[in-house]
Amino acid sequence: KFVIGLIRERFQDIIPLGRDFIRLLQNVARIPEFHALWKDILNNPKSLNPQFTGVFQMLSIRTSRHFIANRITPDIETKLHFLTSSVKFGNHKKYQDWFQDRYFATTESQSLRSDVIRYIINAIHPTNELLSSDIIPRWAILGWLLTSCTNPVALTNAKLAVFYDWLCYDASRDNIMNIEPGILVMYHSIKNVPMVTSTCLDFLCRIIKNFYPKGEEKIRMGVHNSLKTILDKQVIPNLAPLFESPKLDRDLRQMIRENFKEFVPTTPTSATATFGLLDHNHFHVEDMKMPNKINNNNISNSFNLDVVEKKPTITPESDDCPRFSDDDSLEIKLESDEDEEDDVPLAKVRLKEKPGQEKCELPAGLKDSLL
């Protein structure tokens with residue numbers, strides 16, 4: 001009653017929370033009091049606020065990273081920044097195992113995966129330096145979070161979290177770094193872990209029609225805008241390795257052609273030839289195992305608004321390897337809050353570099369001794 005009263009009385013302060021408020025509200029929509037609120041948002045938005053025009057107003061607002069950070073603990077936040085800034089690709093399994101045991105050990109904790117994914121996508125935007133380094137990329141972490149999930153509902157919500165920014169994507173107001181991990185996890189998985197790519201593509205096709213049937217065309221436009229921006233910005237060279245892969249079953253390829261006909265060439269190309277593009281840039285995951293059962297045909301009301309690079313060389317562990325610390329001695333520099341609108345533009349993201357260490361003048365006596 002308190003929460004519902006707060007939302008209804010101060011809805012003008014709720015609107016800036018943006019699309020992730022809608023995502024969280026869906027998780028509790030079957031509670032009677034929240035169900036009544038949900039019906040007003042969908043059918044009678046003016047009753048909540050005269051300036052509120054409906055659900056798409058909120059879906060079009062990108063949620064601030066500061067709000068998303070409140071969905072995870074400071075400890076998890078610190079560990080995620082450490083994982084994405086200090087752990088080399090190839091040495092990452094022990095950290096993922098530690099993270100799994102620490103934060104995903106219970107049945108209830110499975111719901112945390114979607115919030116971790118939303119934080120990685122929205123709040124961790126690597127610099128150019130990190131993007132070109134051997135640090136584990138965001139898409140590989142998302143692949144691990146998806147393949148290690150065994151709860152069907154949590155898995156559905158996790159995939160929704162990956163593609164949530166695609167649904168109402170607008171290049172003029174959204175950041176490409178929020179859709180980059182989703183396309184890359186599919187692109188890099190198609191050769192060695194095709195199940196990841198096929199389940200994600202199946203989910204993406206089905207969500208267009210099932211997320212909000214009354215707003216299907218707007219959702220379709222958002223997903224198409226995402227794919228167009230991905231191609232325009234050369235996040236991947238082309239979509240042929242995904243849409244025309246022989247590793248996808250026939251029904252899925254047909255569904256892709258129906259939903260993304262603008263991106264499928266009229267004359268079929270050799271999909272096997274396009275795999276040459278992936279040979280230098282795929283990942284090898286021996287430890288990734290898909291859940292025993294993944295049923296994408298079951299598009300549940302959990303998201304329906306109507307109710308790797310080259311195979312890494314694993315270096316021997318040594319005492320100076322990066323490691324998680326269970327005490328407070330681990331200091332990770334988190335992202336600055338200086339860009340509070342809340343992401344920097346793509347051009348600045350791509351050019352953003354870590355500042356070098358400042359030079360200091362040595363004392364004259366010490367300088368002479370080093371000559």
# chains A, B, ... in the order shown; residues from 1 in each chain; ligands from 1

$ closest_atom_pairs --of "segment 129-200 of chain A" --to "segment 66-87 of chain A" --cutoff "7 Å" --atoms "only C-alpha atoms" --output "Markdown table"
| residue | atom | partner | partner_atom | distance |
| --- | --- | --- | --- | --- |
| A:Ile135 | CA | A:Val87 | CA | 5.6 |
| A:Ile136 | CA | A:Thr84 | CA | 6.1 |
| A:Pro137 | CA | A:Thr84 | CA | 6.7 |
| A:Arg138 | CA | A:Thr84 | CA | 6.9 |

$ residues_around --residues "Ala140 of chain A" --least-positions-apart "3" --cutoff "12 Å" --atoms "only C-alpha atoms" --output "compact mmCIF listing (two decimals) with all heavy atoms, in the first residue's frame"
# COMPACT_ATOMS: atom_id res chain seq x y z
N LEU A 83 36.01 -7.33 -12.90
CA LEU A 83 35.96 -8.37 -13.92
C LEU A 83 36.13 -7.78 -15.32
O LEU A 83 36.80 -8.37 -16.17
CB LEU A 83 34.62 -9.11 -13.81
CG LEU A 83 34.46 -10.40 -14.60
CD1 LEU A 83 35.44 -11.46 -14.15
CD2 LEU A 83 33.03 -10.93 -14.46
N THR A 84 35.52 -6.63 -15.56
CA THR A 84 35.54 -6.04 -16.90
C THR A 84 36.70 -5.10 -17.15
O THR A 84 36.81 -4.52 -18.23
CB THR A 84 34.22 -5.28 -17.15
OG1 THR A 84 34.02 -4.30 -16.11
CG2 THR A 84 33.04 -6.22 -17.18
N LYS A 88 41.91 -11.02 -17.63
CA LYS A 88 42.22 -11.32 -19.02
C LYS A 88 41.34 -12.47 -19.53
O LYS A 88 41.03 -13.41 -18.80
CB LYS A 88 43.70 -11.68 -19.17
CG LYS A 88 44.63 -10.51 -18.94
CD LYS A 88 46.08 -10.90 -19.22
CE LYS A 88 47.00 -9.71 -19.04
NZ LYS A 88 48.41 -10.06 -19.32
N PHE A 89 40.99 -12.36 -20.79
CA PHE A 89 40.24 -13.41 -21.45
C PHE A 89 41.10 -14.67 -21.50
O PHE A 89 42.17 -14.67 -22.07
CB PHE A 89 39.89 -12.96 -22.87
CG PHE A 89 38.62 -13.53 -23.40
CD1 PHE A 89 37.84 -14.37 -22.64
CD2 PHE A 89 38.19 -13.22 -24.69
CE1 PHE A 89 36.65 -14.89 -23.13
CE2 PHE A 89 37.01 -13.73 -25.19
CZ PHE A 89 36.24 -14.57 -24.41
N GLY A 90 40.63 -15.74 -20.91
CA GLY A 90 41.41 -16.95 -20.80
C GLY A 90 41.69 -17.29 -19.36
O GLY A 90 41.83 -18.46 -19.00
N HIS A 92 39.53 -16.17 -17.03
CA HIS A 92 38.31 -15.66 -16.42
C HIS A 92 37.47 -16.72 -15.70
O HIS A 92 36.64 -16.38 -14.88
CB HIS A 92 37.43 -15.01 -17.50
CG HIS A 92 37.09 -15.93 -18.64
ND1 HIS A 92 37.97 -16.21 -19.65
CD2 HIS A 92 35.98 -16.67 -18.89
CE1 HIS A 92 37.42 -17.04 -20.51
NE2 HIS A 92 36.21 -17.35 -20.07
N LYS A 93 37.70 -18.01 -15.99
CA LYS A 93 36.80 -19.03 -15.46
C LYS A 93 36.77 -19.05 -13.93
O LYS A 93 35.71 -19.19 -13.32
CB LYS A 93 37.20 -20.41 -15.99
CG LYS A 93 36.21 -21.50 -15.58
CD LYS A 93 36.61 -22.86 -16.13
CE LYS A 93 35.54 -23.90 -15.79
NZ LYS A 93 35.33 -24.06 -14.34
N GLN A 96 34.54 -16.32 -12.69
CA GLN A 96 33.13 -16.61 -12.92
C GLN A 96 32.63 -17.67 -11.94
O GLN A 96 31.51 -17.57 -11.43
CB GLN A 96 32.94 -17.09 -14.36
CG GLN A 96 33.18 -15.98 -15.39
CD GLN A 96 33.06 -16.49 -16.81
OE1 GLN A 96 33.03 -17.69 -17.07
NE2 GLN A 96 32.99 -15.57 -17.75
N ILE A 117 22.91 -8.14 -15.64
CA ILE A 117 23.01 -7.90 -17.09
C ILE A 117 22.70 -6.45 -17.42
O ILE A 117 23.41 -5.80 -18.20
CB ILE A 117 22.08 -8.86 -17.85
CG1 ILE A 117 22.64 -10.29 -17.79
CG2 ILE A 117 21.91 -8.41 -19.31
CD1 ILE A 117 21.70 -11.34 -18.36
N ILE A 120 25.68 -4.30 -16.45
CA ILE A 120 26.81 -4.44 -17.37
C ILE A 120 26.55 -3.67 -18.66
O ILE A 120 27.43 -2.98 -19.19
CB ILE A 120 27.06 -5.93 -17.66
CG1 ILE A 120 27.58 -6.64 -16.41
CG2 ILE A 120 28.05 -6.11 -18.82
CD1 ILE A 120 27.67 -8.15 -16.55
N ILE A 135 41.38 -7.95 -22.20
CA ILE A 135 40.45 -8.05 -21.07
C ILE A 135 39.15 -8.69 -21.54
O ILE A 135 38.68 -8.44 -22.66
CB ILE A 135 40.19 -6.66 -20.46
CG1 ILE A 135 41.49 -6.06 -19.93
CG2 ILE A 135 39.15 -6.75 -19.34
CD1 ILE A 135 42.15 -6.86 -18.82
N ILE A 136 38.54 -9.52 -20.71
CA ILE A 136 37.30 -10.19 -21.09
C ILE A 136 36.24 -9.17 -21.49
O ILE A 136 35.96 -8.22 -20.75
CB ILE A 136 36.80 -11.09 -19.94
CG1 ILE A 136 35.53 -11.85 -20.36
CG2 ILE A 136 36.57 -10.31 -18.65
CD1 ILE A 136 35.09 -12.90 -19.36
N PRO A 137 35.64 -9.30 -22.68
CA PRO A 137 34.65 -8.33 -23.14
C PRO A 137 33.29 -8.56 -22.51
O PRO A 137 32.99 -9.65 -21.99
CB PRO A 137 34.60 -8.56 -24.65
CG PRO A 137 35.00 -9.99 -24.82
CD PRO A 137 35.97 -10.31 -23.71
N GLY A 143 27.33 -14.01 -22.28
CA GLY A 143 27.20 -15.39 -22.71
C GLY A 143 27.27 -16.35 -21.54
O GLY A 143 26.50 -17.31 -21.47
N TRP A 144 28.18 -16.07 -20.61
CA TRP A 144 28.29 -16.91 -19.41
C TRP A 144 27.03 -16.81 -18.56
O TRP A 144 26.49 -17.82 -18.09
CB TRP A 144 29.52 -16.49 -18.61
CG TRP A 144 29.47 -16.89 -17.17
CD1 TRP A 144 29.40 -18.15 -16.67
CD2 TRP A 144 29.46 -16.00 -16.04
NE1 TRP A 144 29.35 -18.11 -15.29
CE2 TRP A 144 29.39 -16.80 -14.88
CE3 TRP A 144 29.53 -14.62 -15.89
CZ2 TRP A 144 29.37 -16.26 -13.60
CZ3 TRP A 144 29.52 -14.08 -14.62
CH2 TRP A 144 29.43 -14.90 -13.49
N LEU A 145 26.51 -15.60 -18.36
CA LEU A 145 25.31 -15.42 -17.54
C LEU A 145 24.10 -16.13 -18.14
O LEU A 145 23.24 -16.65 -17.42
CB LEU A 145 25.02 -13.94 -17.35
CG LEU A 145 26.00 -13.17 -16.45
CD1 LEU A 145 25.77 -11.67 -16.54
CD2 LEU A 145 25.89 -13.64 -15.00
N LEU A 146 24.02 -16.16 -19.47
CA LEU A 146 22.90 -16.83 -20.13
C LEU A 146 23.05 -18.35 -20.07
O LEU A 146 22.10 -19.07 -19.77
CB LEU A 146 22.79 -16.37 -21.58
CG LEU A 146 22.34 -14.93 -21.82
CD1 LEU A 146 22.42 -14.59 -23.31
CD2 LEU A 146 20.93 -14.68 -21.31
N THR A 147 24.24 -18.84 -20.37
CA THR A 147 24.41 -20.29 -20.47
C THR A 147 24.47 -20.97 -19.11
O THR A 147 24.25 -22.18 -19.01
CB THR A 147 25.70 -20.63 -21.25
OG1 THR A 147 26.82 -19.99 -20.64
CG2 THR A 147 25.58 -20.20 -22.69
N GLU A 180 25.27 -2.99 -28.28
CA GLU A 180 26.45 -3.69 -28.78
C GLU A 180 26.64 -5.08 -28.18
O GLU A 180 26.88 -6.05 -28.92
CB GLU A 180 27.70 -2.83 -28.53
CG GLU A 180 28.99 -3.48 -28.97
CD GLU A 180 30.09 -3.37 -27.94
OE1 GLU A 180 29.81 -3.61 -26.74
OE2 GLU A 180 31.21 -3.06 -28.33
N PRO A 181 26.51 -5.28 -26.86
CA PRO A 181 26.76 -6.62 -26.31
C PRO A 181 25.80 -7.68 -26.84
O PRO A 181 26.18 -8.83 -27.03
CB PRO A 181 26.60 -6.43 -24.80
CG PRO A 181 26.76 -4.97 -24.56
CD PRO A 181 26.21 -4.31 -25.78
N GLY A 182 24.54 -7.29 -27.08
CA GLY A 182 23.55 -8.26 -27.55
C GLY A 182 23.88 -8.80 -28.92
O GLY A 182 23.77 -10.01 -29.17
N ILE A 183 24.31 -7.94 -29.84
CA ILE A 183 24.64 -8.42 -31.19
C ILE A 183 25.95 -9.19 -31.17
O ILE A 183 26.11 -10.20 -31.86
CB ILE A 183 24.69 -7.25 -32.20
CG1 ILE A 183 24.70 -7.77 -33.63
CG2 ILE A 183 25.89 -6.35 -31.95
CD1 ILE A 183 23.42 -8.42 -34.05
N LEU A 184 26.90 -8.76 -30.33
CA LEU A 184 28.20 -9.44 -30.31
C LEU A 184 28.13 -10.83 -29.68
O LEU A 184 28.84 -11.73 -30.11
CB LEU A 184 29.24 -8.58 -29.58
CG LEU A 184 29.69 -7.31 -30.30
CD1 LEU A 184 30.79 -6.61 -29.51
CD2 LEU A 184 30.18 -7.62 -31.72
N VAL A 185 27.28 -11.01 -28.67
CA VAL A 185 27.20 -12.34 -28.07
C VAL A 185 26.61 -13.33 -29.07
O VAL A 185 26.99 -14.51 -29.10
CB VAL A 185 26.39 -12.32 -26.75
CG1 VAL A 185 24.90 -12.13 -27.00
CG2 VAL A 185 26.63 -13.59 -25.94
N MET A 186 25.70 -12.87 -29.94
CA MET A 186 25.18 -13.74 -30.99
C MET A 186 26.20 -13.97 -32.08
O MET A 186 26.38 -15.09 -32.58
CB MET A 186 23.89 -13.14 -31.58
CG MET A 186 22.73 -13.06 -30.61
SD MET A 186 21.16 -12.62 -31.40
CE MET A 186 21.47 -10.91 -31.87
N TYR A 187 26.88 -12.93 -32.47
CA TYR A 187 27.85 -12.98 -33.57
C TYR A 187 29.02 -13.90 -33.24
O TYR A 187 29.46 -14.70 -34.06
CB TYR A 187 28.34 -11.56 -33.87
CG TYR A 187 29.23 -11.44 -35.09
CD1 TYR A 187 28.68 -11.45 -36.37
CD2 TYR A 187 30.60 -11.27 -34.96
CE1 TYR A 187 29.48 -11.32 -37.49
CE2 TYR A 187 31.41 -11.13 -36.08
CZ TYR A 187 30.84 -11.15 -37.34
OH TYR A 187 31.65 -11.03 -38.44
N HIS A 188 29.54 -13.79 -32.01
CA HIS A 188 30.71 -14.56 -31.64
C HIS A 188 30.37 -15.98 -31.19
O HIS A 188 31.26 -16.83 -31.08
CB HIS A 188 31.47 -13.86 -30.51
CG HIS A 188 32.14 -12.59 -30.94
ND1 HIS A 188 33.06 -12.54 -31.96
CD2 HIS A 188 32.02 -11.32 -30.49
CE1 HIS A 188 33.48 -11.29 -32.13
NE2 HIS A 188 32.85 -10.54 -31.24
N SER A 189 29.09 -16.25 -30.95
CA SER A 189 28.69 -17.58 -30.49
C SER A 189 28.34 -18.51 -31.63
O SER A 189 28.32 -19.74 -31.44
CB SER A 189 27.47 -17.47 -29.55
OG SER A 189 27.76 -16.69 -28.42
N VAL A 193 29.29 -21.95 -30.17
CA VAL A 193 28.15 -22.19 -29.27
C VAL A 193 26.88 -21.73 -29.98
O VAL A 193 26.23 -20.77 -29.57
CB VAL A 193 28.32 -21.43 -27.93
CG1 VAL A 193 27.41 -22.04 -26.86
CG2 VAL A 193 29.76 -21.46 -27.45
N VAL A 196 23.46 -20.58 -28.27
CA VAL A 196 23.29 -19.23 -27.72
C VAL A 196 22.70 -18.32 -28.78
O VAL A 196 21.73 -17.59 -28.54
CB VAL A 196 24.64 -18.67 -27.21
CG1 VAL A 196 24.49 -17.21 -26.80
CG2 VAL A 196 25.16 -19.49 -26.04
N HIS A 282 36.48 -15.23 -32.66
CA HIS A 282 35.46 -16.00 -31.96
C HIS A 282 36.02 -16.45 -30.63
O HIS A 282 37.20 -16.39 -30.38
CB HIS A 282 35.01 -17.20 -32.80
CG HIS A 282 36.05 -18.26 -32.95
ND1 HIS A 282 36.97 -18.24 -33.97
CD2 HIS A 282 36.32 -19.36 -32.20
CE1 HIS A 282 37.77 -19.28 -33.85
NE2 HIS A 282 37.40 -19.98 -32.79
N PHE A 283 35.12 -16.89 -29.77
CA PHE A 283 35.59 -17.33 -28.47
C PHE A 283 35.37 -18.82 -28.30
O PHE A 283 34.52 -19.42 -28.93
CB PHE A 283 34.92 -16.53 -27.34
CG PHE A 283 33.48 -16.85 -27.10
CD1 PHE A 283 33.09 -17.60 -26.00
CD2 PHE A 283 32.51 -16.39 -27.96
CE1 PHE A 283 31.76 -17.89 -25.77
CE2 PHE A 283 31.19 -16.67 -27.74
CZ PHE A 283 30.81 -17.42 -26.66
N HIS A 284 36.17 -19.39 -27.45
CA HIS A 284 36.11 -20.82 -27.22
C HIS A 284 35.72 -21.03 -25.77
O HIS A 284 36.40 -20.58 -24.86
CB HIS A 284 37.49 -21.42 -27.48
CG HIS A 284 37.52 -22.90 -27.30
ND1 HIS A 284 37.13 -23.78 -28.29
CD2 HIS A 284 37.91 -23.67 -26.25
CE1 HIS A 284 37.29 -25.02 -27.86
NE2 HIS A 284 37.75 -24.98 -26.62
N VAL A 285 34.59 -21.67 -25.55
CA VAL A 285 34.12 -21.84 -24.18
C VAL A 285 33.91 -23.30 -23.88
O VAL A 285 32.87 -23.84 -24.17
CB VAL A 285 32.80 -21.09 -23.93
CG1 VAL A 285 32.95 -19.97 -22.98
CG2 VAL A 285 32.21 -20.60 -25.22
N MET A 288 31.20 -23.66 -20.91
CA MET A 288 29.82 -23.20 -21.04
C MET A 288 28.91 -24.37 -21.39
O MET A 288 29.15 -25.09 -22.35
CB MET A 288 29.70 -22.13 -22.12
CG MET A 288 30.15 -20.77 -21.68
SD MET A 288 29.72 -19.53 -22.90
CE MET A 288 30.24 -18.04 -22.08
N VAL A 308 34.79 -16.63 -29.72
CA VAL A 308 35.45 -15.64 -28.96
C VAL A 308 36.83 -15.38 -29.50
O VAL A 308 37.54 -16.19 -29.67
CB VAL A 308 35.66 -16.10 -27.53
CG1 VAL A 308 35.01 -15.22 -26.62
CG2 VAL A 308 35.80 -17.49 -27.32
N GLU A 309 36.73 -14.50 -29.78
CA GLU A 309 38.09 -14.25 -30.31
C GLU A 309 38.91 -15.53 -30.45
O GLU A 309 38.43 -16.61 -30.19
CB GLU A 309 38.84 -13.26 -29.44
CG GLU A 309 38.07 -12.03 -29.48
CD GLU A 309 38.29 -11.03 -28.43
OE1 GLU A 309 38.94 -11.31 -27.47
OE2 GLU A 309 37.78 -9.97 -28.65

$ closest_residue --among "A:Leu59, A:Tyr103, A:Val3, A:Ile141" --to "Gly215 of chain A" --atoms "only C-alpha atoms"
A:Leu59

$ residues_around --residues "segment 44-47 of chain A" --least-positions-apart "5" --cutoff "12 Å" --atoms "only C-alpha atoms" --output "mmCIF file with all heavy atoms, in the first residue's frame"
data_model
loop_
_atom_site.group_PDB
_atom_site.id
_atom_site.type_symbol
_atom_site.label_atom_id
_atom_site.label_comp_id
_atom_site.auth_asym_id
_atom_site.auth_seq_id
_atom_site.Cartn_x
_atom_site.Cartn_y
_atom_site.Cartn_z
ATOM 1 N N ARG A 8 1.501 6.406 -7.121
ATOM 2 C CA ARG A 8 0.351 7.138 -7.656
ATOM 3 C C ARG A 8 0.401 8.624 -7.300
ATOM 4 O O ARG A 8 0.058 9.475 -8.128
ATOM 5 C CB ARG A 8 -0.948 6.520 -7.121
ATOM 6 C CG ARG A 8 -1.278 5.161 -7.740
ATOM 7 C CD ARG A 8 -2.645 4.678 -7.300
ATOM 8 N NE ARG A 8 -3.034 3.423 -7.941
ATOM 9 C CZ ARG A 8 -3.580 3.339 -9.150
ATOM 10 N NH1 ARG A 8 -3.826 4.444 -9.838
ATOM 11 N NH2 ARG A 8 -3.911 2.159 -9.647
ATOM 12 N N GLU A 9 0.822 8.938 -6.077
ATOM 13 C CA GLU A 9 0.841 10.327 -5.650
ATOM 14 C C GLU A 9 1.975 11.133 -6.288
ATOM 15 O O GLU A 9 1.861 12.346 -6.452
ATOM 16 C CB GLU A 9 0.967 10.395 -4.126
ATOM 17 C CG GLU A 9 -0.270 9.878 -3.394
ATOM 18 C CD GLU A 9 -0.014 9.682 -1.913
ATOM 19 O OE1 GLU A 9 1.030 10.201 -1.430
ATOM 20 O OE2 GLU A 9 -0.831 9.020 -1.236
ATOM 21 N N PHE A 11 3.690 10.357 -9.354
ATOM 22 C CA PHE A 11 4.012 9.710 -10.625
ATOM 23 C C PHE A 11 4.897 10.583 -11.502
ATOM 24 O O PHE A 11 5.638 10.085 -12.343
ATOM 25 C CB PHE A 11 2.729 9.332 -11.384
ATOM 26 C CG PHE A 11 2.950 8.262 -12.410
ATOM 27 C CD1 PHE A 11 3.068 6.929 -12.031
ATOM 28 C CD2 PHE A 11 3.074 8.580 -13.753
ATOM 29 C CE1 PHE A 11 3.286 5.935 -12.978
ATOM 30 C CE2 PHE A 11 3.287 7.588 -14.702
ATOM 31 C CZ PHE A 11 3.398 6.266 -14.318
ATOM 32 N N GLN A 12 4.842 11.907 -11.299
ATOM 33 C CA GLN A 12 5.714 12.783 -12.076
ATOM 34 C C GLN A 12 7.186 12.506 -11.778
ATOM 35 O O GLN A 12 8.059 12.764 -12.621
ATOM 36 C CB GLN A 12 5.388 14.266 -11.808
ATOM 37 C CG GLN A 12 5.850 14.803 -10.462
ATOM 38 C CD GLN A 12 4.886 14.470 -9.333
ATOM 39 O OE1 GLN A 12 3.883 13.779 -9.538
ATOM 40 N NE2 GLN A 12 5.155 14.978 -8.145
ATOM 41 N N ILE A 15 8.189 8.915 -13.778
ATOM 42 C CA ILE A 15 8.407 8.919 -15.227
ATOM 43 C C ILE A 15 9.894 8.948 -15.591
ATOM 44 O O ILE A 15 10.338 8.187 -16.465
ATOM 45 C CB ILE A 15 7.647 10.085 -15.893
ATOM 46 C CG1 ILE A 15 6.129 9.882 -15.729
ATOM 47 C CG2 ILE A 15 8.008 10.196 -17.375
ATOM 48 C CD1 ILE A 15 5.296 11.052 -16.234
ATOM 49 N N ALA A 36 -3.787 -3.372 -10.699
ATOM 50 C CA ALA A 36 -4.643 -2.195 -10.919
ATOM 51 C C ALA A 36 -3.821 -1.021 -11.442
ATOM 52 O O ALA A 36 -4.258 -0.290 -12.343
ATOM 53 C CB ALA A 36 -5.342 -1.827 -9.611
ATOM 54 N N LEU A 37 -2.625 -0.834 -10.896
ATOM 55 C CA LEU A 37 -1.740 0.225 -11.384
ATOM 56 C C LEU A 37 -1.343 -0.035 -12.825
ATOM 57 O O LEU A 37 -1.330 0.890 -13.657
ATOM 58 C CB LEU A 37 -0.494 0.293 -10.492
ATOM 59 C CG LEU A 37 0.624 1.236 -10.962
ATOM 60 C CD1 LEU A 37 0.157 2.683 -10.910
ATOM 61 C CD2 LEU A 37 1.876 1.040 -10.104
ATOM 62 N N TRP A 38 -1.044 -1.278 -13.117
ATOM 63 C CA TRP A 38 -0.646 -1.670 -14.468
ATOM 64 C C TRP A 38 -1.748 -1.367 -15.488
ATOM 65 O O TRP A 38 -1.479 -0.859 -16.581
ATOM 66 C CB TRP A 38 -0.328 -3.165 -14.442
ATOM 67 C CG TRP A 38 0.357 -3.721 -15.646
ATOM 68 C CD1 TRP A 38 -0.089 -4.730 -16.427
ATOM 69 C CD2 TRP A 38 1.613 -3.325 -16.190
ATOM 70 N NE1 TRP A 38 0.809 -4.979 -17.433
ATOM 71 C CE2 TRP A 38 1.859 -4.130 -17.311
ATOM 72 C CE3 TRP A 38 2.541 -2.354 -15.861
ATOM 73 C CZ2 TRP A 38 2.999 -4.007 -18.105
ATOM 74 C CZ3 TRP A 38 3.689 -2.220 -16.633
ATOM 75 C CH2 TRP A 38 3.904 -3.044 -17.740
ATOM 76 N N LYS A 39 -2.980 -1.650 -15.121
ATOM 77 C CA LYS A 39 -4.106 -1.376 -16.014
ATOM 78 C C LYS A 39 -4.242 0.125 -16.276
ATOM 79 O O LYS A 39 -4.544 0.544 -17.393
ATOM 80 C CB LYS A 39 -5.403 -1.936 -15.416
ATOM 81 C CG LYS A 39 -5.471 -3.461 -15.452
ATOM 82 C CD LYS A 39 -6.682 -4.001 -14.707
ATOM 83 C CE LYS A 39 -7.971 -3.550 -15.341
ATOM 84 N NZ LYS A 39 -9.158 -4.144 -14.660
ATOM 85 N N PHE A 52 1.380 12.372 -18.612
ATOM 86 C CA PHE A 52 1.774 11.008 -18.947
ATOM 87 C C PHE A 52 0.919 10.506 -20.100
ATOM 88 O O PHE A 52 -0.309 10.469 -20.018
ATOM 89 C CB PHE A 52 1.608 10.102 -17.724
ATOM 90 C CG PHE A 52 2.043 8.680 -17.945
ATOM 91 C CD1 PHE A 52 3.276 8.389 -18.513
ATOM 92 C CD2 PHE A 52 1.210 7.626 -17.575
ATOM 93 C CE1 PHE A 52 3.671 7.077 -18.712
ATOM 94 C CE2 PHE A 52 1.600 6.312 -17.762
ATOM 95 C CZ PHE A 52 2.838 6.034 -18.339
ATOM 96 N N THR A 53 1.567 10.116 -21.195
ATOM 97 C CA THR A 53 0.839 9.723 -22.400
ATOM 98 C C THR A 53 0.712 8.212 -22.562
ATOM 99 O O THR A 53 -0.033 7.747 -23.421
ATOM 100 C CB THR A 53 1.528 10.293 -23.653
ATOM 101 O OG1 THR A 53 2.883 9.811 -23.711
ATOM 102 C CG2 THR A 53 1.531 11.817 -23.621
ATOM 103 N N GLY A 54 1.437 7.445 -21.774
ATOM 104 C CA GLY A 54 1.315 5.992 -21.899
ATOM 105 C C GLY A 54 2.635 5.269 -21.765
ATOM 106 O O GLY A 54 3.689 5.860 -21.540
ATOM 107 N N VAL A 55 2.567 3.943 -21.908
ATOM 108 C CA VAL A 55 3.711 3.092 -21.621
ATOM 109 C C VAL A 55 4.911 3.398 -22.511
ATOM 110 O O VAL A 55 6.060 3.320 -22.077
ATOM 111 C CB VAL A 55 3.300 1.604 -21.727
ATOM 112 C CG1 VAL A 55 2.964 1.228 -23.157
ATOM 113 C CG2 VAL A 55 4.385 0.705 -21.171
ATOM 114 N N PHE A 56 4.675 3.782 -23.772
ATOM 115 C CA PHE A 56 5.795 4.044 -24.666
ATOM 116 C C PHE A 56 6.555 5.309 -24.290
ATOM 117 O O PHE A 56 7.714 5.470 -24.661
ATOM 118 C CB PHE A 56 5.327 4.108 -26.121
ATOM 119 C CG PHE A 56 5.239 2.758 -26.764
ATOM 120 C CD1 PHE A 56 4.019 2.128 -26.922
ATOM 121 C CD2 PHE A 56 6.383 2.088 -27.181
ATOM 122 C CE1 PHE A 56 3.936 0.870 -27.495
ATOM 123 C CE2 PHE A 56 6.311 0.837 -27.759
ATOM 124 C CZ PHE A 56 5.087 0.225 -27.914
ATOM 125 N N GLN A 57 5.914 6.208 -23.557
ATOM 126 C CA GLN A 57 6.643 7.377 -23.063
ATOM 127 C C GLN A 57 7.778 6.943 -22.141
ATOM 128 O O GLN A 57 8.889 7.483 -22.210
ATOM 129 C CB GLN A 57 5.694 8.332 -22.332
ATOM 130 C CG GLN A 57 6.392 9.588 -21.806
ATOM 131 C CD GLN A 57 5.438 10.523 -21.081
ATOM 132 O OE1 GLN A 57 4.212 10.349 -21.144
ATOM 133 N NE2 GLN A 57 5.971 11.506 -20.382
ATOM 134 N N MET A 58 7.508 5.972 -21.289
ATOM 135 C CA MET A 58 8.530 5.502 -20.371
ATOM 136 C C MET A 58 9.513 4.557 -21.058
ATOM 137 O O MET A 58 10.709 4.577 -20.770
ATOM 138 C CB MET A 58 7.897 4.816 -19.163
ATOM 139 C CG MET A 58 7.033 5.739 -18.334
ATOM 140 S SD MET A 58 6.537 5.022 -16.751
ATOM 141 C CE MET A 58 8.055 5.159 -15.825
#

$ atom_distance --atom1 "atom CA of Trp139 of chain A" --atom2 "atom CA of Ile230 of chain A"
14.7 Å

$ decode --residues "segment 241-252 of chain A" --atoms "C-alpha atoms" --output "CSV table (one decimal), in the first residue's frame"
chain,number,residue,atom,x,y,z
A,241,PRO,CA,26.8,-15.0,-40.5
A,242,LEU,CA,23.7,-14.8,-38.2
A,243,PHE,CA,20.7,-14.7,-40.4
A,244,GLU,CA,22.0,-17.2,-43.0
A,245,SER,CA,23.9,-19.6,-40.9
A,246,PRO,CA,23.4,-23.3,-41.7
A,247,LYS,CA,23.6,-24.0,-38.0
A,248,LEU,CA,20.2,-22.4,-37.5
A,249,ASP,CA,17.2,-24.7,-38.0
A,250,ARG,CA,14.9,-24.2,-41.0
A,251,ASP,CA,12.0,-22.8,-39.0
A,252,LEU,CA,14.2,-20.2,-37.3
